[in-house]
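S.K.: Input structure: run-v2.pdb, which contains PDB, C-alpha atoms.
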ATOM      1  CA  MET T  35     118.874  23.396 116.745
ATOM      2  CA  PHE T  36     116.445  21.510 118.899
ATOM      3  CA  GLY T  37     113.671  22.275 116.471
ATOM      4  CA  TYR T  38     115.278  20.165 113.812
ATOM      5  CA  ARG T  39     115.516  17.201 116.064
ATOM      6  CA  ARG T  40     111.876  17.492 116.894
ATOM      7  CA  HIS T  41     111.007  17.207 113.210
ATOM      8  CA  SER T  42     109.131  20.497 113.185
ATOM      9  CA  GLN T  43     111.412  21.738 110.401
ATOM     10  CA  VAL T  44     111.192  25.392 109.396
ATOM     11  CA  PRO T  45     110.427  25.572 105.684
ATOM     12  CA  SER T  46     113.222  27.271 103.750
ATOM     13  CA  LEU T  47     112.506  30.729 102.395
ATOM     14  CA  ASN T  48     111.998  30.933  98.682
ATOM     15  CA  THR T  49     114.762  33.244  97.495
ATOM     16  CA  THR T  50     114.310  32.866  93.762
ATOM     17  CA  SER T  51     113.099  36.433  93.358
ATOM     18  CA  THR T  52     116.013  38.018  95.267
ATOM     19  CA  ALA T  53     118.028  38.104  92.069
ATOM     20  CA  ASP T  54     115.212  39.844  90.226
ATOM     21  CA  ILE T  55     114.774  42.392  92.984
ATOM     22  CA  SER T  56     118.452  43.218  93.104
ATOM     23  CA  PHE T  57     118.529  43.395  89.319
ATOM     24  CA  MET T  58     115.802  45.993  89.451
ATOM     25  CA  LEU T  59     117.748  47.995  92.023
ATOM     26  CA  LEU T  60     120.851  47.727  89.889
ATOM     27  CA  VAL T  61     119.047  48.994  86.810
ATOM     28  CA  PHE T  62     117.574  51.843  88.832
ATOM     29  CA  PHE T  63     121.031  52.949  89.955
ATOM     30  CA  LEU T  64     122.449  52.608  86.480
ATOM     31  CA  VAL T  65     119.745  54.831  85.067
ATOM     32  CA  THR T  66     119.686  57.532  87.719
ATOM     33  CA  SER T  67     123.398  57.932  88.285
ATOM     34  CA  SER T  68     126.081  59.467  86.189
ATOM     35  CA  MET T  69     129.537  57.998  86.193
ATOM     36  CA  ASP T  70     131.190  60.901  84.448
ATOM     37  CA  SER T  71     133.442  62.749  86.823
ATOM     38  CA  ASP T  72     133.712  66.433  86.215
ATOM     39  CA  LYS T  73     136.854  67.931  84.888
ATOM     40  CA  GLY T  74     137.709  71.509  84.381
ATOM     41  CA  LEU T  75     140.138  74.398  84.502
ATOM     42  CA  ARG T  76     140.566  75.584  88.037
ATOM     43  CA  ARG T  77     141.061  79.295  88.526
ATOM     44  CA  GLN T  78     141.162  81.617  91.468
ATOM     45  CA  LEU T  79     139.139  84.825  91.406
ATOM     46  CA  PRO T  80     140.422  87.945  93.115
ATOM     47  CA  PRO T  81     138.635  88.909  96.337
ATOM     48  CA  PRO T  82     136.172  91.802  96.070
ATOM     49  CA  PRO T  83     137.788  95.243  96.316
ATOM     50  CA  THR T  84     138.077  96.676  99.801
ATOM     51  CA  GLU T  85     138.191 100.265 101.020
ATOM     52  CA  GLU T  86     141.828 100.265 101.995
ATOM     53  CA  GLN T  87     142.968  98.606  98.799
ATOM     54  CA  GLN T  88     145.696 100.521  97.087
ATOM     55  CA  ALA T  89     146.668 100.608  93.492
ATOM     56  CA  VAL T  90     149.966  98.890  92.853
ATOM     57  CA  ASP T  91     152.337 100.304  90.325
ATOM     58  CA  ILE T  92     153.521  97.800  87.816
ATOM     59  CA  MET T  93     156.198  98.623  85.331
ATOM     60  CA  LYS T  94     155.066  98.795  81.759
ATOM     61  CA  ASP T  95     157.564  96.172  80.744
ATOM     62  CA  ASP T  96     156.014  93.749  83.194
ATOM     63  CA  ILE T  97     152.587  93.820  81.603
ATOM     64  CA  MET T  98     151.559  91.915  78.541
ATOM     65  CA  THR T  99     148.137  92.818  77.231
ATOM     66  CA  VAL T 100     146.210  90.046  75.561
ATOM     67  CA  VAL T 101     142.998  91.097  73.862
ATOM     68  CA  LEU T 102     140.239  88.673  73.025
ATOM     69  CA  ASP T 103     138.054  90.653  70.673
ATOM     70  CA  GLY T 104     134.412  90.310  69.682
ATOM     71  CA  THR T 105     135.244  88.000  66.793
ATOM     72  CA  ASN T 106     137.237  85.683  69.102
ATOM     73  CA  GLN T 107     140.589  86.789  67.700
ATOM     74  CA  LEU T 108     143.592  86.976  69.982
ATOM     75  CA  VAL T 109     145.519  90.210  69.743
ATOM     76  CA  VAL T 110     148.830  90.693  71.523
ATOM     77  CA  GLU T 111     150.344  94.157  71.316
ATOM     78  CA  GLY T 112     148.666  94.882  68.020
ATOM     79  CA  ASP T 113     149.371  91.546  66.324
ATOM     80  CA  THR T 114     146.721  88.934  65.729
ATOM     81  CA  VAL T 115     148.145  85.649  66.956
ATOM     82  CA  SER T 116     147.189  82.002  66.973
ATOM     83  CA  PRO T 117     146.892  80.165  70.312
ATOM     84  CA  GLU T 118     150.210  78.453  69.586
ATOM     85  CA  GLN T 119     151.954  81.778  68.981
ATOM     86  CA  LEU T 120     150.355  83.175  72.107
ATOM     87  CA  LYS T 121     151.754  80.312  74.142
ATOM     88  CA  GLN T 122     155.223  81.038  72.771
ATOM     89  CA  ARG T 123     154.869  84.709  73.583
ATOM     90  CA  ILE T 124     153.696  84.047  77.119
ATOM     91  CA  VAL T 125     156.571  81.662  77.747
ATOM     92  CA  GLU T 126     159.075  84.228  76.441
ATOM     93  CA  PHE T 127     157.463  87.031  78.388
ATOM     94  CA  ALA T 128     156.999  85.244  81.695
ATOM     95  CA  ALA T 129     160.258  83.293  81.779
ATOM     96  CA  VAL T 130     162.179  86.447  82.727
ATOM     97  CA  ALA T 131     160.409  87.033  86.040
ATOM     98  CA  PRO T 132     157.392  84.776  86.416
ATOM     99  CA  LYS T 133     156.442  86.089  89.838
ATOM    100  CA  ARG T 134     156.533  89.747  88.851
ATOM    101  CA  ARG T 135     155.133  89.800  85.367
ATOM    102  CA  VAL T 136     151.412  90.244  84.834
ATOM    103  CA  ILE T 137     149.210  89.235  81.953
ATOM    104  CA  ALA T 138     146.400  91.696  81.366
ATOM    105  CA  LEU T 139     143.434  90.100  79.684
ATOM    106  CA  ASP T 140     141.032  92.349  77.890
ATOM    107  CA  VAL T 141     137.992  90.311  76.924
ATOM    108  CA  ALA T 142     135.299  91.744  74.687
ATOM    109  CA  PRO T 143     131.760  91.220  76.004
ATOM    110  CA  ASP T 144     130.797  89.578  72.714
ATOM    111  CA  ALA T 145     133.596  87.021  72.771
ATOM    112  CA  THR T 146     132.409  83.462  73.317
ATOM    113  CA  TYR T 147     133.080  81.374  76.371
ATOM    114  CA  ASP T 148     134.730  78.725  74.217
ATOM    115  CA  ALA T 149     137.403  81.151  73.027
ATOM    116  CA  TYR T 150     137.922  82.374  76.591
ATOM    117  CA  PHE T 151     138.240  78.817  77.853
ATOM    118  CA  HIS T 152     140.937  78.074  75.306
ATOM    119  CA  LEU T 153     142.716  81.305  76.142
ATOM    120  CA  GLN T 154     142.789  80.315  79.814
ATOM    121  CA  GLU T 155     143.989  76.867  78.865
ATOM    122  CA  THR T 156     146.787  78.354  76.770
ATOM    123  CA  ILE T 157     147.941  80.445  79.707
ATOM    124  CA  VAL T 158     147.822  77.447  82.043
ATOM    125  CA  THR T 159     149.840  75.386  79.566
ATOM    126  CA  ALA T 160     152.439  78.096  79.122
ATOM    127  CA  TYR T 161     152.853  78.575  82.856
ATOM    128  CA  ARG T 162     152.960  74.888  83.648
ATOM    129  CA  ARG T 163     156.558  74.775  82.468
ATOM    130  CA  LEU T 164     157.487  77.687  84.707
ATOM    131  CA  LYS T 165     156.132  75.992  87.818
ATOM    132  CA  THR T 166     154.455  79.103  89.101
ATOM    133  CA  ALA T 167     150.923  80.400  89.026
ATOM    134  CA  PRO T 168     150.166  83.075  86.446
ATOM    135  CA  ARG T 169     149.322  86.582  87.570
ATOM    136  CA  ILE T 170     146.383  87.702  85.535
ATOM    137  CA  SER T 171     144.518  90.948  85.576
ATOM    138  CA  GLU T 172     141.271  90.653  83.745
ATOM    139  CA  THR T 173     138.762  93.000  82.208
ATOM    140  CA  ILE T 174     135.551  91.794  80.637
ATOM    141  CA  GLY T 175     133.921  94.727  78.930
ATOM    142  CA  GLU T 176     133.463  97.201  81.768
ATOM    143  CA  THR T 177     133.820  94.698  84.582
ATOM    144  CA  ALA T 178     137.347  94.701  85.880
ATOM    145  CA  LEU T 179     138.656  91.758  87.838
ATOM    146  CA  GLN T 180     142.060  92.699  89.115
ATOM    147  CA  PRO T 181     144.422  91.122  89.779
ATOM    148  CA  GLU T 182     143.537  87.510  89.243
ATOM    149  CA  GLU T 183     146.215  85.412  90.772
ATOM    150  CA  GLY T 184     146.940  81.802  91.213
ATOM    151  CA  GLY T 185     144.659  79.005  90.223
ATOM    152  CA  ALA T 186     146.740  76.588  88.268
ATOM    153  CA  GLN T 187     149.874  75.304  89.883
TER     154      GLN T 187
ATOM    155  CA  MET W  80     105.941  16.673  81.388
ATOM    156  CA  ARG W  81     107.944  15.408  84.242
ATOM    157  CA  HIS W  82     107.370  11.860  83.277
ATOM    158  CA  THR W  83     108.594  12.318  79.740
ATOM    159  CA  ILE W  84     111.912  13.716  80.944
ATOM    160  CA  ARG W  85     112.390  10.981  83.475
ATOM    161  CA  ARG W  86     111.871   8.344  80.913
ATOM    162  CA  ARG W  87     114.799   9.560  78.841
ATOM    163  CA  LYS W  88     117.119   9.300  81.870
ATOM    164  CA  HIS W  89     119.331  12.065  80.436
ATOM    165  CA  GLU W  90     118.241  14.780  82.824
ATOM    166  CA  VAL W  91     120.330  17.947  82.592
ATOM    167  CA  PRO W  92     121.419  18.908  86.110
ATOM    168  CA  GLU W  93     119.800  22.152  87.228
ATOM    169  CA  LEU W  94     122.045  25.199  87.424
ATOM    170  CA  ASN W  95     122.717  26.314  90.946
ATOM    171  CA  MET W  96     121.404  29.852  91.165
ATOM    172  CA  ALA W  97     122.029  30.319  94.861
ATOM    173  CA  ALA W  98     125.010  32.634  94.334
ATOM    174  CA  LEU W  99     123.313  34.860  91.752
ATOM    175  CA  PRO W 100     121.665  37.277  94.195
ATOM    176  CA  ASP W 101     124.970  37.741  96.005
ATOM    177  CA  LEU W 102     126.719  38.437  92.745
ATOM    178  CA  ILE W 103     124.203  41.027  91.679
ATOM    179  CA  PHE W 104     124.230  42.630  95.102
ATOM    180  CA  THR W 105     127.989  43.044  94.792
ATOM    181  CA  VAL W 106     127.608  44.793  91.453
ATOM    182  CA  LEU W 107     124.816  46.909  92.919
ATOM    183  CA  PHE W 108     126.934  48.035  95.857
ATOM    184  CA  PHE W 109     129.773  48.866  93.518
ATOM    185  CA  PHE W 110     127.523  51.152  91.508
ATOM    186  CA  MET W 111     126.021  52.699  94.605
ATOM    187  CA  ILE W 112     129.460  53.642  95.849
ATOM    188  CA  VAL W 113     131.083  54.931  92.663
ATOM    189  CA  THR W 114     128.178  56.934  91.329
ATOM    190  CA  HIS W 115     126.362  59.995  92.481
ATOM    191  CA  MET W 116     122.745  60.783  91.913
ATOM    192  CA  ARG W 117     121.698  63.479  89.534
ATOM    193  CA  ASP W 118     119.997  65.879  91.852
ATOM    194  CA  VAL W 119     118.991  68.572  89.395
ATOM    195  CA  ASP W 120     116.843  68.552  86.314
ATOM    196  CA  LYS W 121     118.231  70.206  83.270
ATOM    197  CA  ARG W 122     116.505  73.457  82.528
ATOM    198  CA  VAL W 123     119.088  74.667  80.057
ATOM    199  CA  VAL W 124     120.907  72.988  77.177
ATOM    200  CA  TYR W 125     124.610  73.521  76.991
ATOM    201  CA  GLU W 126     127.690  72.086  75.376
ATOM    202  CA  ILE W 127     130.811  72.575  77.450
ATOM    203  CA  PRO W 128     134.116  73.371  75.742
ATOM    204  CA  ALA W 129     136.731  70.718  75.067
ATOM    205  CA  GLY W 130     140.194  70.962  76.505
ATOM    206  CA  GLN W 131     143.203  68.906  77.426
ATOM    207  CA  LYS W 132     144.841  70.439  80.464
ATOM    208  CA  MET W 133     142.159  69.858  83.012
ATOM    209  CA  GLU W 134     141.983  68.793  86.601
ATOM    210  CA  GLN W 135     139.440  66.792  88.476
ATOM    211  CA  VAL W 136     136.732  68.814  90.141
ATOM    212  CA  GLY W 137     136.611  68.292  93.898
ATOM    213  CA  HIS W 138     134.334  65.979  95.791
ATOM    214  CA  GLN W 139     130.646  66.151  95.033
ATOM    215  CA  LYS W 140     129.827  67.490  98.482
ATOM    216  CA  ASN W 141     131.786  70.703  98.156
ATOM    217  CA  VAL W 142     130.916  71.663  94.600
ATOM    218  CA  VAL W 143     128.292  74.230  93.708
ATOM    219  CA  TYR W 144     127.119  74.059  90.125
ATOM    220  CA  ILE W 145     126.098  76.919  87.902
ATOM    221  CA  TYR W 146     124.679  76.001  84.522
ATOM    222  CA  ILE W 147     124.514  78.466  81.668
ATOM    223  CA  GLY W 148     122.781  77.689  78.406
ATOM    224  CA  ARG W 149     119.634  78.064  76.396
ATOM    225  CA  PRO W 150     116.368  77.078  78.097
ATOM    226  CA  THR W 151     115.157  73.584  77.255
ATOM    227  CA  ASP W 152     111.524  74.626  76.990
ATOM    228  CA  GLY W 153     112.372  77.012  74.161
ATOM    229  CA  SER W 154     110.809  79.969  75.956
ATOM    230  CA  SER W 155     113.648  82.186  74.818
ATOM    231  CA  ASP W 156     116.743  82.005  72.696
ATOM    232  CA  ASP W 157     118.900  83.918  75.139
ATOM    233  CA  TYR W 158     121.457  82.397  77.441
ATOM    234  CA  GLN W 159     120.035  81.755  80.885
ATOM    235  CA  ILE W 160     121.505  80.744  84.217
ATOM    236  CA  GLN W 161     120.259  77.698  86.061
ATOM    237  CA  LEU W 162     120.792  77.561  89.804
ATOM    238  CA  GLY W 163     119.631  74.375  91.445
ATOM    239  CA  ASN W 164     116.416  73.382  89.801
ATOM    240  CA  ARG W 165     115.306  76.706  88.453
ATOM    241  CA  ILE W 166     116.249  79.395  86.012
ATOM    242  CA  ALA W 167     117.517  82.467  87.761
ATOM    243  CA  SER W 168     118.903  85.865  86.968
ATOM    244  CA  VAL W 169     122.494  86.996  87.413
ATOM    245  CA  ALA W 170     121.603  88.938  90.541
ATOM    246  CA  ASP W 171     120.618  85.718  92.339
ATOM    247  CA  VAL W 172     123.990  84.021  91.921
ATOM    248  CA  ALA W 173     125.681  85.501  94.990
ATOM    249  CA  ALA W 174     122.745  84.700  97.274
ATOM    250  CA  TYR W 175     122.474  81.179  95.902
ATOM    251  CA  VAL W 176     126.157  80.418  96.411
ATOM    252  CA  LYS W 177     126.086  81.832  99.943
ATOM    253  CA  ASN W 178     123.042  79.743 100.751
ATOM    254  CA  GLU W 179     124.617  76.582  99.348
ATOM    255  CA  ARG W 180     127.715  77.219 101.398
ATOM    256  CA  LEU W 181     125.642  77.536 104.562
ATOM    257  CA  HIS W 182     124.329  74.024 104.051
ATOM    258  CA  MET W 183     127.783  72.498 103.866
ATOM    259  CA  SER W 184     129.858  71.173 106.712
ATOM    260  CA  ALA W 185     132.587  73.479 107.993
ATOM    261  CA  GLU W 186     135.214  71.339 106.369
ATOM    262  CA  ASN W 187     133.541  71.479 102.976
ATOM    263  CA  GLN W 188     132.903  75.204 103.263
ATOM    264  CA  GLU W 189     136.610  75.857 103.172
ATOM    265  CA  ARG W 190     137.128  73.654 100.160
ATOM    266  CA  MET W 191     134.061  74.848  98.330
ATOM    267  CA  THR W 192     134.488  75.286  94.634
ATOM    268  CA  VAL W 193     132.060  76.678  92.107
ATOM    269  CA  CYS W 194     131.823  74.681  88.926
ATOM    270  CA  ILE W 195     130.634  76.665  85.941
ATOM    271  CA  ARG W 196     129.111  74.533  83.245
ATOM    272  CA  ALA W 197     128.501  76.967  80.455
ATOM    273  CA  ASP W 198     127.729  76.590  76.791
ATOM    274  CA  ARG W 199     130.516  77.292  74.329
ATOM    275  CA  GLY W 200     128.654  80.180  72.800
ATOM    276  CA  THR W 201     127.921  82.004  76.051
ATOM    277  CA  PRO W 202     128.863  85.666  75.646
ATOM    278  CA  MET W 203     131.587  86.779  78.019
ATOM    279  CA  ARG W 204     129.380  89.669  79.108
ATOM    280  CA  LEU W 205     127.176  87.239  81.016
ATOM    281  CA  LEU W 206     130.120  85.293  82.354
ATOM    282  CA  GLY W 207     131.791  88.456  83.585
ATOM    283  CA  GLU W 208     128.670  89.333  85.546
ATOM    284  CA  VAL W 209     128.559  85.843  87.054
ATOM    285  CA  LYS W 210     132.198  86.122  88.072
ATOM    286  CA  GLN W 211     131.530  89.475  89.678
ATOM    287  CA  GLN W 212     128.715  87.893  91.688
ATOM    288  CA  LEU W 213     130.995  85.064  92.788
ATOM    289  CA  ARG W 214     133.546  87.565  93.962
ATOM    290  CA  ASP W 215     130.906  89.331  96.009
ATOM    291  CA  ALA W 216     129.942  86.016  97.586
ATOM    292  CA  TYR W 217     133.607  85.289  98.350
ATOM    293  CA  ALA W 218     133.412  82.140  96.261
ATOM    294  CA  LEU W 219     136.813  82.579  94.696
ATOM    295  CA  ASP W 220     137.618  79.030  93.746
ATOM    296  CA  VAL W 221     136.126  78.562  90.310
ATOM    297  CA  THR W 222     136.306  75.671  87.889
ATOM    298  CA  TYR W 223     135.422  76.079  84.251
ATOM    299  CA  SER W 224     134.008  72.714  83.379
ATOM    300  CA  GLY W 225     135.156  71.099  80.161
ATOM    301  CA  VAL W 226     135.293  67.752  78.440
ATOM    302  CA  SER W 227     138.502  66.013  77.520
ATOM    303  CA  GLY W 228     138.843  66.072  73.801
ATOM    304  CA  ASN W 229     140.552  67.417  70.806
ATOM    305  CA  LYS W 230     140.623  71.162  70.774
ATOM    306  CA  ASP W 231     140.822  71.338  66.991
ATOM    307  CA  VAL W 232     137.395  69.821  66.640
ATOM    308  CA  THR W 233     135.911  72.841  68.296
ATOM    309  CA  THR W 234     138.124  75.405  66.625
ATOM    310  CA  PRO W 235     135.992  76.066  63.547
ATOM    311  CA  HIS W 236     132.990  76.370  65.802
ATOM    312  CA  SER W 237     134.588  78.862  68.134
ATOM    313  CA  ARG W 238     136.760  80.913  65.842
ATOM    314  CA  ARG W 239     134.570  81.636  62.911
TER     315      ARG W 239
END
Please go through the file and, once you have read it, give me the structure as structure tokens.

M.R.:
Amino acid sequence: MFGYRRHSQVPSLNTTSTADISFMLLVFFLVTSSMDSDKGLRRQLPPPPTEEQQAVDIMKDDIMTVVLDGTNQLVVEGDTVSPEQLKQRIVEFAAVAPKRRVIALDVAPDATYDAYFHLQETIVTAYRRLKTAPRISETIGETALQPEEGGAQ
Amino acid sequence: MRHTIRRRKHEVPELNMAALPDLIFTVLFFFMIVTHMRDVDKRVVYEIPAGQKMEQVGHQKNVVYIYIGRPTDGSSDDYQIQLGNRIASVADVAAYVKNERLHMSAENQERMTVCIRADRGTPMRLLGEVKQQLRDAYALDVTYSGVSGNKDVTTPHSRR
């Protein structure tokens, strides 16, 4: 304040290049960052088997076996079905007792991930109307994952 | 130069650029906040499946990524797993996930989710092994990453 009065004025800082500097920073962030937020199908895996785990008896009527074979075909109880038909079948099957009924997936080791992804999506879609999480027991080749529960609301 | 302009007496007033840095800084801060840095280099090429019924993957800080695809350097034509910045074998998955979880805050550890970004053509044999590893590591919350899009576009590709 007093400095100004004394005529020893501080020269103003040249800020012309500030814009260029911040432009460079901006471009750097645009290049190195990715805006795309990830989306995906959320599933819950069963915990690893424990010693005291006991086999649970499930009535035959409460299990629907869905096979995804090596050529990515969906087979339900001997019939080859389309994803749309499968959705219908799951809705019919699960609507009776959604909490009790189990879908047993039998996935061939040679099936592709894409087909599996769409199978999972079909199940999620079918169960979305029932407002309960699907109970899934899953076998991929020799690796058994049982029982897969929950995941999608 | 200066004299010639002055003589015409029609000098165009200079544009005030004082607010430009502030403006650009605002845009810069916006980008800094909404984006996240890519912290891994791609070692595998993959094309994730397309779907419609998908949810948002959790916050960046509690997501562990597993990439499955073909190596970018063309060293082999088989499907490989990328953990962090390197190509790893299936047996390393459990240890990697456990290690990643250790480096998270307690809050994020509980919410940790594993995001699998796998190529459409990945055989389920490999995926089954990965899932088994995740079970062993008690990483039970899994997200199969996908892009929003029309399923039918991928149908001929997947169901040949």

S.K.: Give me, as a PyMOL selection string, all polymer residues having an atom no more than 7 Å from W:Tyr125, counting all atoms listed in the file and skipping those fewer than 4 positions away in the same chain.

M.R.: chain W and resi 147-149+197-198

S.K.: Taking all atoms listed in the file into account, which residues of chain W are within 6 Å of chain T, as a list in words?

M.R.: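 The answer, sorted by residue number, is Pro100, Leu107, Thr114, His115, Met116, Arg117, Pro128, Met133, Glu134, Gln135, Val136, Arg199, Gly200, Thr201, Pro202, Met203, Arg204, Gly207, Arg214, Asp215, Leu219, Asp220, Val221, Thr222, Tyr223, Ser224, Gly225 and Arg238 of chain W.
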
S.K.: Give me, please, the distance in Å between atom CA of W:Glu189 and atom CA of W:Ala218, quoted to one decimal.

M.R.: 9.9 Å

S.K.: Any idea what the distance is between atom CA of W:Arg122 and atom CA of W:Asp152?

M.R.: 7.5 Å

S.K.: Would you mind reading off the distance between atom CA of T:Val100 and atom CA of T:Glu86, one decimal, in Å?

M.R.: 28.7 Å

S.K.: Taking (121.9, 78.1, 83.4) in the file's coordinates as the center, which residues reach within 6 Å of it, counting all atoms listed in the file, put as a ChimeraX atom specification?

M.R.: /W:123,146-148,159-161

S.K.: Could you tell me which of W:Asp101, W:Ala216, W:Pro150, W:Tyr158 comes closest to W:Asn178 if we count all atoms listed in the file?

M.R.: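 For W:Asn178, the nearest of the candidates is W:Ala216.
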
S.K.: Would you give the centre and edge lengths, in Å to one decimal, of a box along x, y and z around the listed atoms of stretch 84-94 of chain T, with 4 Å added to each side, as JSON?

M.R.:
{"center_x": 147.1, "center_y": 98.6, "center_z": 91.9, "size_x": 26.1, "size_y": 11.9, "size_z": 28.2}

S.K.: Pick out the closest residue to T:Met98 from this set: T:Val130, T:Leu139, T:Val115, T:Leu164. Count all atoms listed in the file.

M.R.: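 The closest residue to T:Met98 is T:Leu139.
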
S.K.: Can you spell out as a list in words the set of residues that the PyMOL selection byres ((chain W and resi 140) around 10) selects in the structure I just provided?

M.R.: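 When the PyMOL selection byres ((chain W and resi 140) around 10) is applied, the selected residues are Gly137, His138, Gln139, Asn141, Val142, Val143, Met183, Ser184, Asn187, Gln188, Arg190, Met191 and Thr192 of chain W.
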
S.K.: Choose the residue, out of T:Val90, T:Ile124, T:Leu47, T:Leu153, that has the smallest atom-to-atom separation from T:Asp140; count all atoms listed in the file.

M.R.: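 Checking each of T:Val90, T:Ile124, T:Leu47, T:Leu153 against T:Asp140, counting all atoms listed in the file, the winner is T:Leu153.
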